[in-house]
>>> print(open('start16.cif').read())   # mmCIF, C-alpha atoms and all ligand atoms
data_coords
#
loop_
_atom_site.group_PDB
_atom_site.id
_atom_site.type_symbol
_atom_site.label_atom_id
_atom_site.label_comp_id
_atom_site.auth_asym_id
_atom_site.auth_seq_id
_atom_site.Cartn_x
_atom_site.Cartn_y
_atom_site.Cartn_z
ATOM 1 C CA MET A 614 -11.342 -165.347 104.231
ATOM 2 C CA ASN A 615 -9.253 -168.269 105.521
ATOM 3 C CA ALA A 616 -6.083 -167.845 107.552
ATOM 4 C CA ILE A 617 -3.999 -171.009 107.785
ATOM 5 C CA ILE A 618 -1.423 -170.777 110.567
ATOM 6 C CA LEU A 619 1.440 -173.266 110.639
ATOM 7 C CA LEU A 620 3.179 -173.755 113.958
ATOM 8 C CA GLY A 621 6.281 -175.840 114.572
ATOM 9 C CA ALA A 622 9.893 -175.805 115.699
ATOM 10 C CA PRO A 623 12.742 -174.552 113.518
ATOM 11 C CA GLY A 624 13.325 -177.177 110.844
ATOM 12 C CA SER A 625 9.929 -178.853 111.340
ATOM 13 C CA GLY A 626 8.895 -178.211 107.731
ATOM 14 C CA LYS A 627 6.660 -175.131 108.051
ATOM 15 C CA GLY A 628 8.188 -173.498 104.973
ATOM 16 C CA THR A 629 8.135 -176.695 102.913
ATOM 17 C CA GLN A 630 4.501 -177.435 103.700
ATOM 18 C CA ALA A 631 3.329 -173.811 103.495
ATOM 19 C CA MET A 632 4.711 -173.641 99.963
ATOM 20 C CA ARG A 633 2.811 -176.782 98.976
ATOM 21 C CA LEU A 634 -0.421 -175.574 100.536
ATOM 22 C CA ALA A 635 -0.004 -172.237 98.790
ATOM 23 C CA GLU A 636 0.384 -173.923 95.405
ATOM 24 C CA SER A 637 -2.498 -176.317 95.950
ATOM 25 C CA LEU A 638 -4.936 -173.813 97.416
ATOM 26 C CA GLY A 639 -3.907 -170.801 95.358
ATOM 27 C CA LEU A 640 -3.278 -168.711 98.475
ATOM 28 C CA PRO A 641 -0.212 -166.577 99.238
ATOM 29 C CA HIS A 642 2.474 -167.999 101.514
ATOM 30 C CA ILE A 643 3.576 -165.446 104.080
ATOM 31 C CA SER A 644 6.806 -166.281 105.899
ATOM 32 C CA THR A 645 8.056 -163.605 108.288
ATOM 33 C CA GLY A 646 11.480 -165.294 108.172
ATOM 34 C CA VAL A 647 11.634 -165.030 104.356
ATOM 35 C CA ILE A 648 10.499 -161.376 104.414
ATOM 36 C CA LEU A 649 13.098 -160.537 107.065
ATOM 37 C CA ARG A 650 15.906 -162.396 105.243
ATOM 38 C CA GLN A 651 15.023 -160.496 102.075
ATOM 39 C CA ALA A 652 15.217 -157.205 103.991
ATOM 40 C CA VAL A 653 18.651 -158.204 105.322
ATOM 41 C CA ALA A 654 19.834 -159.129 101.806
ATOM 42 C CA ASP A 655 18.510 -155.813 100.433
ATOM 43 C CA GLY A 656 20.165 -153.852 103.241
ATOM 44 C CA THR A 657 16.961 -151.957 104.072
ATOM 45 C CA GLU A 658 16.443 -150.205 107.424
ATOM 46 C CA LEU A 659 14.378 -153.185 108.544
ATOM 47 C CA GLY A 660 17.162 -155.517 107.439
ATOM 48 C CA LYS A 661 19.767 -153.551 109.388
ATOM 49 C CA VAL A 662 17.691 -153.849 112.556
ATOM 50 C CA ALA A 663 16.937 -157.556 112.041
ATOM 51 C CA ARG A 664 20.331 -158.820 110.801
ATOM 52 C CA ASP A 665 22.198 -159.456 114.056
ATOM 53 C CA ILE A 666 19.110 -160.577 115.954
ATOM 54 C CA MET A 667 18.373 -163.215 113.312
ATOM 55 C CA ALA A 668 21.985 -164.334 113.012
ATOM 56 C CA ALA A 669 21.974 -164.982 116.762
ATOM 57 C CA GLY A 670 18.757 -167.016 116.531
ATOM 58 C CA SER A 671 16.724 -164.593 118.662
ATOM 59 C CA LEU A 672 13.342 -163.032 117.895
ATOM 60 C CA VAL A 673 12.885 -159.706 116.136
ATOM 61 C CA SER A 674 10.568 -157.373 118.107
ATOM 62 C CA ASP A 675 6.843 -158.085 118.161
ATOM 63 C CA GLU A 676 6.128 -154.578 116.905
ATOM 64 C CA ILE A 677 8.268 -155.046 113.789
ATOM 65 C CA VAL A 678 6.881 -158.431 112.825
ATOM 66 C CA LEU A 679 3.280 -157.408 113.452
ATOM 67 C CA GLY A 680 3.857 -154.431 111.142
ATOM 68 C CA ILE A 681 5.201 -156.782 108.459
ATOM 69 C CA VAL A 682 2.246 -159.139 108.750
ATOM 70 C CA GLU A 683 -0.400 -156.402 108.831
ATOM 71 C CA GLU A 684 1.038 -154.763 105.731
ATOM 72 C CA ARG A 685 1.333 -158.058 103.862
ATOM 73 C CA ILE A 686 -2.169 -159.327 104.593
ATOM 74 C CA ALA A 687 -3.672 -156.007 103.538
ATOM 75 C CA ALA A 688 -2.436 -156.704 99.968
ATOM 76 C CA PRO A 689 -5.118 -157.557 97.394
ATOM 77 C CA ASP A 690 -3.807 -161.103 96.799
ATOM 78 C CA CYS A 691 -4.737 -161.967 100.408
ATOM 79 C CA GLY A 692 -8.435 -161.293 99.835
ATOM 80 C CA ARG A 693 -9.399 -165.003 99.883
ATOM 81 C CA GLY A 694 -6.933 -165.860 102.608
ATOM 82 C CA PHE A 695 -3.278 -166.664 103.217
ATOM 83 C CA ILE A 696 -0.902 -169.112 104.850
ATOM 84 C CA LEU A 697 1.194 -167.863 107.758
ATOM 85 C CA ASP A 698 4.543 -169.568 108.340
ATOM 86 C CA GLY A 699 6.585 -168.393 111.345
ATOM 87 C CA TYR A 700 3.984 -166.032 112.761
ATOM 88 C CA PRO A 701 2.837 -165.976 115.529
ATOM 89 C CA ARG A 702 5.822 -167.014 117.631
ATOM 90 C CA ASN A 703 4.723 -165.964 121.111
ATOM 91 C CA GLN A 704 1.511 -165.135 122.924
ATOM 92 C CA ALA A 705 1.741 -161.375 122.355
ATOM 93 C CA GLN A 706 1.949 -162.026 118.590
ATOM 94 C CA ALA A 707 -0.927 -164.509 118.777
ATOM 95 C CA ARG A 708 -3.137 -161.989 120.585
ATOM 96 C CA ALA A 709 -2.284 -159.258 118.072
ATOM 97 C CA LEU A 710 -2.996 -161.630 115.188
ATOM 98 C CA GLY A 711 -6.299 -162.660 116.752
ATOM 99 C CA GLU A 712 -7.407 -159.035 116.778
ATOM 100 C CA VAL A 713 -6.369 -158.463 113.164
ATOM 101 C CA LEU A 714 -8.125 -161.632 112.002
ATOM 102 C CA SER A 715 -11.298 -160.863 113.878
ATOM 103 C CA THR A 716 -11.401 -157.377 112.320
ATOM 104 C CA LEU A 717 -11.057 -159.038 108.915
ATOM 105 C CA GLY A 718 -13.668 -161.649 109.775
ATOM 106 C CA ALA A 719 -11.162 -164.371 108.877
ATOM 107 C CA THR A 720 -11.510 -168.009 109.898
ATOM 108 C CA GLU A 721 -8.406 -169.442 111.571
ATOM 109 C CA TRP A 722 -7.087 -172.920 110.762
ATOM 110 C CA ILE A 723 -4.155 -173.782 112.988
ATOM 111 C CA ALA A 724 -1.853 -176.767 112.511
ATOM 112 C CA ASN A 725 1.195 -177.728 114.523
ATOM 113 C CA ILE A 726 3.872 -179.799 112.788
ATOM 114 C CA ASP A 727 5.461 -182.001 115.406
ATOM 115 C CA VAL A 728 9.051 -183.204 114.878
ATOM 116 C CA PRO A 729 11.388 -184.490 117.636
ATOM 117 C CA PRO A 730 14.534 -182.427 118.397
ATOM 118 C CA GLU A 731 17.027 -184.989 117.039
ATOM 119 C CA GLU A 732 15.307 -184.968 113.636
ATOM 120 C CA LEU A 733 15.165 -181.138 113.625
ATOM 121 C CA THR A 734 18.905 -181.026 114.236
ATOM 122 C CA ALA A 735 19.578 -183.575 111.482
ATOM 123 C CA ARG A 736 17.479 -181.601 108.976
ATOM 124 C CA VAL A 737 19.117 -178.279 109.722
ATOM 125 C CA ARG A 738 22.595 -179.858 109.682
ATOM 126 C CA GLY A 739 21.714 -181.306 106.288
ATOM 127 C CA ARG A 740 20.796 -177.860 105.001
ATOM 128 C CA ARG A 741 23.933 -176.185 106.351
ATOM 129 C CA GLY A 742 26.094 -174.771 103.609
ATOM 130 C CA THR A 743 23.468 -175.370 100.918
ATOM 131 C CA ASP A 744 21.492 -172.136 101.286
ATOM 132 C CA GLY A 745 23.802 -169.953 103.426
ATOM 133 C CA ARG A 746 21.390 -169.259 106.304
ATOM 134 C CA GLN A 747 23.502 -167.720 109.028
ATOM 135 C CA ASP A 748 21.125 -168.889 111.721
ATOM 136 C CA ASP A 749 21.748 -172.545 110.792
ATOM 137 C CA SER A 750 25.140 -172.505 112.578
ATOM 138 C CA GLU A 751 25.336 -174.924 115.524
ATOM 139 C CA GLU A 752 25.148 -172.114 118.072
ATOM 140 C CA ALA A 753 22.378 -170.084 116.434
ATOM 141 C CA PHE A 754 20.297 -173.208 115.832
ATOM 142 C CA ARG A 755 20.640 -174.181 119.513
ATOM 143 C CA ARG A 756 19.410 -170.694 120.413
ATOM 144 C CA ARG A 757 16.482 -170.976 117.967
ATOM 145 C CA LEU A 758 15.433 -174.223 119.635
ATOM 146 C CA GLU A 759 15.644 -172.607 123.097
ATOM 147 C CA VAL A 760 13.596 -169.634 121.931
ATOM 148 C CA TYR A 761 11.073 -171.995 120.358
ATOM 149 C CA GLU A 762 10.679 -173.941 123.603
ATOM 150 C CA SER A 763 10.330 -170.908 125.848
ATOM 151 C CA GLU A 764 8.332 -168.575 123.557
ATOM 152 C CA SER A 765 6.552 -170.557 120.852
ATOM 153 C CA LEU A 766 5.754 -173.943 122.359
ATOM 154 C CA PRO A 767 3.329 -172.323 124.878
ATOM 155 C CA LEU A 768 1.209 -171.331 121.860
ATOM 156 C CA LEU A 769 -0.063 -174.911 121.826
ATOM 157 C CA ASP A 770 -1.696 -174.250 125.207
ATOM 158 C CA TYR A 771 -2.790 -170.786 124.106
ATOM 159 C CA TYR A 772 -4.670 -172.145 121.084
ATOM 160 C CA GLY A 773 -5.685 -175.372 122.847
ATOM 161 C CA ASN A 774 -8.153 -177.477 120.895
ATOM 162 C CA ARG A 775 -8.236 -174.967 118.042
ATOM 163 C CA THR A 776 -4.920 -176.528 116.930
ATOM 164 C CA VAL A 777 -4.576 -179.779 115.041
ATOM 165 C CA ASN A 778 -1.379 -181.659 115.736
ATOM 166 C CA ILE A 779 0.230 -183.621 112.972
ATOM 167 C CA SER A 780 3.428 -185.620 112.858
ATOM 168 C CA GLY A 781 6.086 -184.008 110.663
ATOM 169 C CA LEU A 782 7.999 -187.265 110.293
ATOM 170 C CA GLY A 783 8.140 -189.239 107.059
ATOM 171 C CA SER A 784 8.360 -187.911 103.531
ATOM 172 C CA ARG A 785 7.294 -184.403 102.523
ATOM 173 C CA ASP A 786 4.341 -186.023 100.694
ATOM 174 C CA ASP A 787 3.311 -187.962 103.808
ATOM 175 C CA VAL A 788 3.325 -184.786 105.889
ATOM 176 C CA PHE A 789 1.400 -182.867 103.231
ATOM 177 C CA GLY A 790 -1.239 -185.601 103.103
ATOM 178 C CA ARG A 791 -1.662 -185.499 106.887
ATOM 179 C CA LEU A 792 -1.859 -181.721 106.887
ATOM 180 C CA CYS A 793 -4.526 -181.557 104.207
ATOM 181 C CA ALA A 794 -6.548 -184.273 105.891
ATOM 182 C CA ALA A 795 -6.336 -182.444 109.227
ATOM 183 C CA LEU A 796 -7.396 -179.040 107.939
ATOM 184 C CA PRO A 797 -11.063 -179.192 106.942
ATOM 185 C CA PHE A 798 -10.703 -176.080 104.790
ATOM 186 C CA ALA A 799 -7.802 -177.582 102.815
ATOM 187 C CA ALA A 800 -9.466 -180.986 102.603
ATOM 188 C CA ALA A 801 -12.624 -179.417 101.155
ATOM 189 C CA GLN A 802 -10.717 -177.321 98.624
ATOM 190 C CA LEU A 803 -8.538 -180.188 97.451
ATOM 191 C CA VAL A 804 -11.286 -182.702 96.838
ATOM 192 C CA THR A 805 -11.468 -183.240 93.112
ATOM 193 C CA PRO A 806 -15.113 -183.327 92.143
ATOM 194 C CA LYS A 807 -16.033 -186.546 90.380
ATOM 195 C CA LEU A 808 -16.716 -185.986 86.746
ATOM 196 C CA VAL A 809 -20.284 -186.892 85.971
ATOM 197 C CA THR A 810 -20.680 -188.130 82.461
ATOM 198 C CA PRO A 811 -24.210 -187.441 81.236
ATOM 199 C CA LYS A 812 -25.937 -190.597 80.042
ATOM 200 C CA LEU A 813 -27.042 -190.600 76.450
ATOM 201 C CA VAL A 814 -30.578 -191.777 76.243
ATOM 202 C CA THR A 815 -31.238 -193.540 72.990
ATOM 203 C CA GLN A 816 -34.663 -194.788 72.191
HETATM 204 P P1 LIG B 901 12.107 -168.672 110.133
HETATM 205 O O1 LIG B 901 12.626 -168.390 108.795
HETATM 206 O O2 LIG B 901 10.662 -168.748 110.347
HETATM 207 O O3 LIG B 901 12.850 -169.952 110.651
HETATM 208 P P2 LIG B 901 12.454 -171.118 111.668
HETATM 209 O O4 LIG B 901 11.092 -171.085 112.210
HETATM 210 O O5 LIG B 901 13.543 -171.109 112.700
HETATM 211 O O6 LIG B 901 12.478 -172.403 110.871
HETATM 212 P P3 LIG B 901 13.061 -172.862 109.458
HETATM 213 O O7 LIG B 901 12.675 -171.921 108.394
HETATM 214 O O8 LIG B 901 14.495 -173.217 109.611
HETATM 215 O O9 LIG B 901 12.308 -174.253 109.351
HETATM 216 P P4 LIG B 901 10.891 -174.637 108.749
HETATM 217 O O10 LIG B 901 9.996 -175.105 109.838
HETATM 218 O O11 LIG B 901 10.398 -173.603 107.807
HETATM 219 O O12 LIG B 901 11.301 -175.940 107.939
HETATM 220 P P5 LIG B 901 11.747 -176.101 106.414
HETATM 221 O O13 LIG B 901 10.562 -176.318 105.560
HETATM 222 O O14 LIG B 901 12.706 -175.022 106.065
HETATM 223 O O15 LIG B 901 12.678 -167.538 111.127
HETATM 224 C C1 LIG B 901 14.042 -167.169 111.076
HETATM 225 C C2 LIG B 901 14.290 -166.025 112.040
HETATM 226 O O16 LIG B 901 13.539 -164.864 111.627
HETATM 227 C C3 LIG B 901 13.870 -166.245 113.488
HETATM 228 O O17 LIG B 901 14.841 -166.959 114.223
HETATM 229 C C4 LIG B 901 13.701 -164.805 113.967
HETATM 230 O O18 LIG B 901 14.950 -164.203 114.197
HETATM 231 C C5 LIG B 901 13.068 -164.142 112.751
HETATM 232 N N1 LIG B 901 11.596 -164.233 112.787
HETATM 233 C C6 LIG B 901 10.799 -164.862 111.868
HETATM 234 N N2 LIG B 901 9.515 -164.785 112.226
HETATM 235 C C7 LIG B 901 9.499 -164.075 113.377
HETATM 236 C C8 LIG B 901 8.446 -163.690 114.273
HETATM 237 N N3 LIG B 901 7.156 -164.014 114.025
HETATM 238 N N4 LIG B 901 8.789 -162.979 115.379
HETATM 239 C C9 LIG B 901 10.074 -162.635 115.620
HETATM 240 N N5 LIG B 901 11.122 -162.997 114.848
HETATM 241 C C10 LIG B 901 10.822 -163.709 113.724
HETATM 242 O O19 LIG B 901 12.504 -177.504 106.520
HETATM 243 C C11 LIG B 901 13.757 -177.603 107.163
HETATM 244 C C12 LIG B 901 14.679 -178.532 106.353
HETATM 245 O O20 LIG B 901 14.144 -179.852 106.400
HETATM 246 C C13 LIG B 901 14.790 -178.163 104.872
HETATM 247 O O21 LIG B 901 16.072 -178.474 104.398
HETATM 248 C C14 LIG B 901 13.739 -179.064 104.205
HETATM 249 O O22 LIG B 901 14.020 -179.344 102.860
HETATM 250 C C15 LIG B 901 13.823 -180.294 105.074
HETATM 251 N N6 LIG B 901 12.546 -181.016 105.184
HETATM 252 C C16 LIG B 901 11.289 -180.494 105.198
HETATM 253 N N7 LIG B 901 10.369 -181.474 105.316
HETATM 254 C C17 LIG B 901 11.063 -182.640 105.419
HETATM 255 C C18 LIG B 901 10.677 -184.013 105.570
HETATM 256 N N8 LIG B 901 9.386 -184.361 105.665
HETATM 257 N N9 LIG B 901 11.648 -184.931 105.636
HETATM 258 C C19 LIG B 901 12.982 -184.575 105.546
HETATM 259 N N10 LIG B 901 13.419 -183.304 105.391
HETATM 260 C C20 LIG B 901 12.463 -182.344 105.337
HETATM 261 MG MG MG B 902 11.015 -171.655 107.307
#
>>> encode(input="start16.cif", output="structure tokens", more="lines below")
Ligand code: AP5
Ligand code: MG
Amino acid sequence: MNAIILLGAPGSGKGTQAMRLAESLGLPHISTGVILRQAVADGTELGKVARDIMAAGSLVSDEIVLGIVEERIAAPDCGRGFILDGYPRNQAQARALGEVLSTLGATEWIANIDVPPEELTARVRGRRGTDGRQDDSEEAFRRRLEVYESESLPLLDYYGNRTVNISGLGSRDDVFGRLCAALPFAAAQLVTPKLVTPKLVTQ
């Protein structure tokens, strides 16, 4: 089982690239942000708890998100592996995930998508008003960046040389190419075997 973990700041392209990896590798894309936004839209108990926290750009409790992830990766479609986007986001989440993955005997592939703050801001400003994310407001986005720097950025030290760093600048295709090349599991899966045409021997 392969667990691909995408790290990166808000707006760095985790969702965009996770979706592409999911399509190319045939693995489910698990975004805690998407699951939480769906719960808010559905007005579930989880959604009611998460709504204001998310709108403010803060983190939902570790206990809640771990529960979401554990339940999701226990589903049958995760048997070969999965792509995590937005989890883990702090060291407590990373430790909890490490335990879950070691119980499952999963191999971790961790990539960090690196994008400078001015480009993150430009991307999220560009998205504002197009998909109605409440946490894309100027204030909430500023808070998301602060939370990223204080809580999530230290994950790069936590994972150390288990993480591959790739630049998230350039086109979506450029970033996808870098990501696949940097993740040996993805690179191996995406290599198209050369077709060998059998030679006809005529005598
Ligand atoms: P989440 O939904 O995970 O949001 P985020 O991490 O803040 O980041 P985004 O989804 O905005 O950005 P992204 O990196 O996915 O980039 P995207 O591909 O969209 O979390 C939301 C909230 O949920 C959190 O704040 C928290 O409250 C809660 N939450 C979630 N997980 C949690 C956890 N584990 N613990 C606690 N709370 C949690 O791209 C951004 C934009 O740029 C798009 O418009 C895209 O089209 C564009 N773009 C992408 N690639 C490129 C490119 N190469 N060039 C130009 N534009 C590009
Ligand atoms: Mg996202």
>>> closest_atom_pairs(input="start16.cif", of="chain A", to="ligand LIG 901 (chain B)", cutoff="7 Å", atoms="all atoms listed in the file", output="JSON lines")
{"residue": "A:Gly621", "atom": "CA", "partner": "B:LIG901", "partner_atom": "O10", "distance": 6.1}
{"residue": "A:Ala622", "atom": "CA", "partner": "B:LIG901", "partner_atom": "O10", "distance": 5.9}
{"residue": "A:Pro623", "atom": "CA", "partner": "B:LIG901", "partner_atom": "O6", "distance": 3.4}
{"residue": "A:Gly624", "atom": "CA", "partner": "B:LIG901", "partner_atom": "O9", "distance": 3.4}
{"residue": "A:Ser625", "atom": "CA", "partner": "B:LIG901", "partner_atom": "O10", "distance": 4.0}
{"residue": "A:Gly626", "atom": "CA", "partner": "B:LIG901", "partner_atom": "O12", "distance": 3.3}
{"residue": "A:Lys627", "atom": "CA", "partner": "B:LIG901", "partner_atom": "O10", "distance": 3.8}
{"residue": "A:Gly628", "atom": "CA", "partner": "B:LIG901", "partner_atom": "O11", "distance": 3.6}
{"residue": "A:Thr629", "atom": "CA", "partner": "B:LIG901", "partner_atom": "O13", "distance": 3.6}
{"residue": "A:Gln630", "atom": "CA", "partner": "B:LIG901", "partner_atom": "O13", "distance": 6.4}
{"residue": "A:Ser644", "atom": "CA", "partner": "B:LIG901", "partner_atom": "O2", "distance": 6.4}
{"residue": "A:Thr645", "atom": "CA", "partner": "B:LIG901", "partner_atom": "N2", "distance": 4.4}
{"residue": "A:Gly646", "atom": "CA", "partner": "B:LIG901", "partner_atom": "O1", "distance": 3.4}
{"residue": "A:Val647", "atom": "CA", "partner": "B:LIG901", "partner_atom": "O1", "distance": 5.7}
{"residue": "A:Leu649", "atom": "CA", "partner": "B:LIG901", "partner_atom": "O16", "distance": 6.3}
{"residue": "A:Ile666", "atom": "CA", "partner": "B:LIG901", "partner_atom": "O18", "distance": 5.8}
{"residue": "A:Met667", "atom": "CA", "partner": "B:LIG901", "partner_atom": "O18", "distance": 3.7}
{"residue": "A:Gly670", "atom": "CA", "partner": "B:LIG901", "partner_atom": "O17", "distance": 4.5}
{"residue": "A:Ser671", "atom": "CA", "partner": "B:LIG901", "partner_atom": "O18", "distance": 4.8}
{"residue": "A:Leu672", "atom": "CA", "partner": "B:LIG901", "partner_atom": "N5", "distance": 3.8}
{"residue": "A:Val673", "atom": "CA", "partner": "B:LIG901", "partner_atom": "N5", "distance": 3.9}
{"residue": "A:Ser674", "atom": "CA", "partner": "B:LIG901", "partner_atom": "C9", "distance": 5.8}
{"residue": "A:Asp675", "atom": "CA", "partner": "B:LIG901", "partner_atom": "N4", "distance": 6.0}
{"residue": "A:Val678", "atom": "CA", "partner": "B:LIG901", "partner_atom": "N4", "distance": 5.6}
{"residue": "A:Asp698", "atom": "CA", "partner": "B:LIG901", "partner_atom": "O2", "distance": 6.5}
{"residue": "A:Gly699", "atom": "CA", "partner": "B:LIG901", "partner_atom": "O2", "distance": 4.2}
{"residue": "A:Tyr700", "atom": "CA", "partner": "B:LIG901", "partner_atom": "N3", "distance": 4.0}
{"residue": "A:Pro701", "atom": "CA", "partner": "B:LIG901", "partner_atom": "N3", "distance": 5.0}
{"residue": "A:Arg702", "atom": "CA", "partner": "B:LIG901", "partner_atom": "N3", "distance": 4.9}
{"residue": "A:Arg736", "atom": "CA", "partner": "B:LIG901", "partner_atom": "O20", "distance": 4.6}
{"residue": "A:Val737", "atom": "CA", "partner": "B:LIG901", "partner_atom": "C12", "distance": 5.6}
{"residue": "A:Gly739", "atom": "CA", "partner": "B:LIG901", "partner_atom": "O21", "distance": 6.6}
{"residue": "A:Arg740", "atom": "CA", "partner": "B:LIG901", "partner_atom": "O21", "distance": 4.8}
{"residue": "A:Arg757", "atom": "CA", "partner": "B:LIG901", "partner_atom": "O17", "distance": 5.7}
{"residue": "A:Gly781", "atom": "CA", "partner": "B:LIG901", "partner_atom": "N8", "distance": 6.0}
{"residue": "A:Leu782", "atom": "CA", "partner": "B:LIG901", "partner_atom": "N8", "distance": 5.6}
{"residue": "A:Gly783", "atom": "CA", "partner": "B:LIG901", "partner_atom": "N8", "distance": 5.2}
{"residue": "A:Ser784", "atom": "CA", "partner": "B:LIG901", "partner_atom": "N8", "distance": 4.3}
{"residue": "A:Arg785", "atom": "CA", "partner": "B:LIG901", "partner_atom": "N8", "distance": 3.8}
{"residue": "A:Val788", "atom": "CA", "partner": "B:LIG901", "partner_atom": "N8", "distance": 6.1}
>>> write_last_selection(input="start16.cif", atoms="C-alpha atoms", output="compact mmCIF listing (two decimals), keeping the file's coordinate frame")
# COMPACT_ATOMS: atom_id res chain seq x y z
CA GLY A 621 6.28 -175.84 114.57
CA ALA A 622 9.89 -175.80 115.70
CA PRO A 623 12.74 -174.55 113.52
CA GLY A 624 13.32 -177.18 110.84
CA SER A 625 9.93 -178.85 111.34
CA GLY A 626 8.90 -178.21 107.73
CA LYS A 627 6.66 -175.13 108.05
CA GLY A 628 8.19 -173.50 104.97
CA THR A 629 8.14 -176.70 102.91
CA GLN A 630 4.50 -177.44 103.70
CA SER A 644 6.81 -166.28 105.90
CA THR A 645 8.06 -163.60 108.29
CA GLY A 646 11.48 -165.29 108.17
CA VAL A 647 11.63 -165.03 104.36
CA LEU A 649 13.10 -160.54 107.06
CA ILE A 666 19.11 -160.58 115.95
CA MET A 667 18.37 -163.22 113.31
CA GLY A 670 18.76 -167.02 116.53
CA SER A 671 16.72 -164.59 118.66
CA LEU A 672 13.34 -163.03 117.90
CA VAL A 673 12.88 -159.71 116.14
CA SER A 674 10.57 -157.37 118.11
CA ASP A 675 6.84 -158.08 118.16
CA VAL A 678 6.88 -158.43 112.82
CA ASP A 698 4.54 -169.57 108.34
CA GLY A 699 6.58 -168.39 111.34
CA TYR A 700 3.98 -166.03 112.76
CA PRO A 701 2.84 -165.98 115.53
CA ARG A 702 5.82 -167.01 117.63
CA ARG A 736 17.48 -181.60 108.98
CA VAL A 737 19.12 -178.28 109.72
CA GLY A 739 21.71 -181.31 106.29
CA ARG A 740 20.80 -177.86 105.00
CA ARG A 757 16.48 -170.98 117.97
CA GLY A 781 6.09 -184.01 110.66
CA LEU A 782 8.00 -187.26 110.29
CA GLY A 783 8.14 -189.24 107.06
CA SER A 784 8.36 -187.91 103.53
CA ARG A 785 7.29 -184.40 102.52
CA VAL A 788 3.32 -184.79 105.89
>>> closest_residue(input="start16.cif", among="A:Arg746, A:Arg775, A:Lys661, A:Arg708", to="ligand MG 902 (chain B)", atoms="only C-alpha atoms and all ligand atoms")
A:Arg746
>>> closest_residue(input="start16.cif", among="A:Gln706, A:Gln651, A:Ala735, A:Ala669", to="Glu759 of chain A", atoms="all atoms listed in the file")
A:Ala669
>>> closest_residue(input="start16.cif", among="A:Glu683, A:Glu636, A:Asp665, A:Asp748", to="ligand MG 902 (chain B)", atoms="all atoms listed in the file")
A:Asp748
>>> closest_residue(input="start16.cif", among="A:Leu792, A:Ile696, A:Leu620, A:Met632", to="Tyr761 of chain A", atoms="all atoms listed in the file")
A:Leu620
>>> closest_residue(input="start16.cif", among="A:Val760, A:Ala654, A:Ala687, A:Leu697", to="ligand MG 902 (chain B)", atoms="all atoms listed in the file")
A:Leu697
>>> closest_residue(input="start16.cif", among="A:Ser750, A:Gln802, A:Thr776, A:Asn703", to="Glu721 of chain A", atoms="all atoms listed in the file")
A:Thr776
>>> atom_distance(input="start16.cif", atom1="atom CA of Cys691 of chain A", atom2="atom CA of Pro641 of chain A")
6.6 Å
>>> atom_distance(input="start16.cif", atom1="atom CA of Phe695 of chain A", atom2="atom CA of Gly773 of chain A")
21.6 Å
>>> atom_distance(input="start16.cif", atom1="atom CA of Arg693 of chain A", atom2="atom CA of Asn615 of chain A")
6.5 Å
>>> resolve_selection(input="start16.cif", expression="the PyMOL selection byres (((chain A and resi 724) around 6) and not hetatm)", output="list in words")
Leu619, Ile723, Asn725, Thr776, Val777 and Asn778 of chain A
>>> residues_around(input="start16.cif", residues="Gly692 of chain A", least_positions_apart="6", cutoff="10 Å", atoms="only C-alpha atoms", output="PDB file with C-alpha atoms, keeping the file's coordinate frame")
ATOM      1  CA  MET A 614     -11.342-165.347 104.231  1.00  0.00           C
ATOM      2  CA  ASN A 615      -9.253-168.269 105.521  1.00  0.00           C
ATOM      3  CA  LEU A 640      -3.278-168.711  98.475  1.00  0.00           C
ATOM      4  CA  PRO A 641      -0.212-166.577  99.238  1.00  0.00           C
ATOM      5  CA  ILE A 686      -2.169-159.327 104.593  1.00  0.00           C
ATOM      6  CA  LEU A 717     -11.057-159.038 108.915  1.00  0.00           C
ATOM      7  CA  ALA A 719     -11.162-164.371 108.877  1.00  0.00           C
TER       8      ALA A 719
END
>>> residues_around(input="start16.cif", residues="Trp722 of chain A", least_positions_apart="2", cutoff="7 Å", atoms="all atoms listed in the file", output="JSON, numbers by chain")
{"A": [616, 617, 618, 720, 724, 796]}
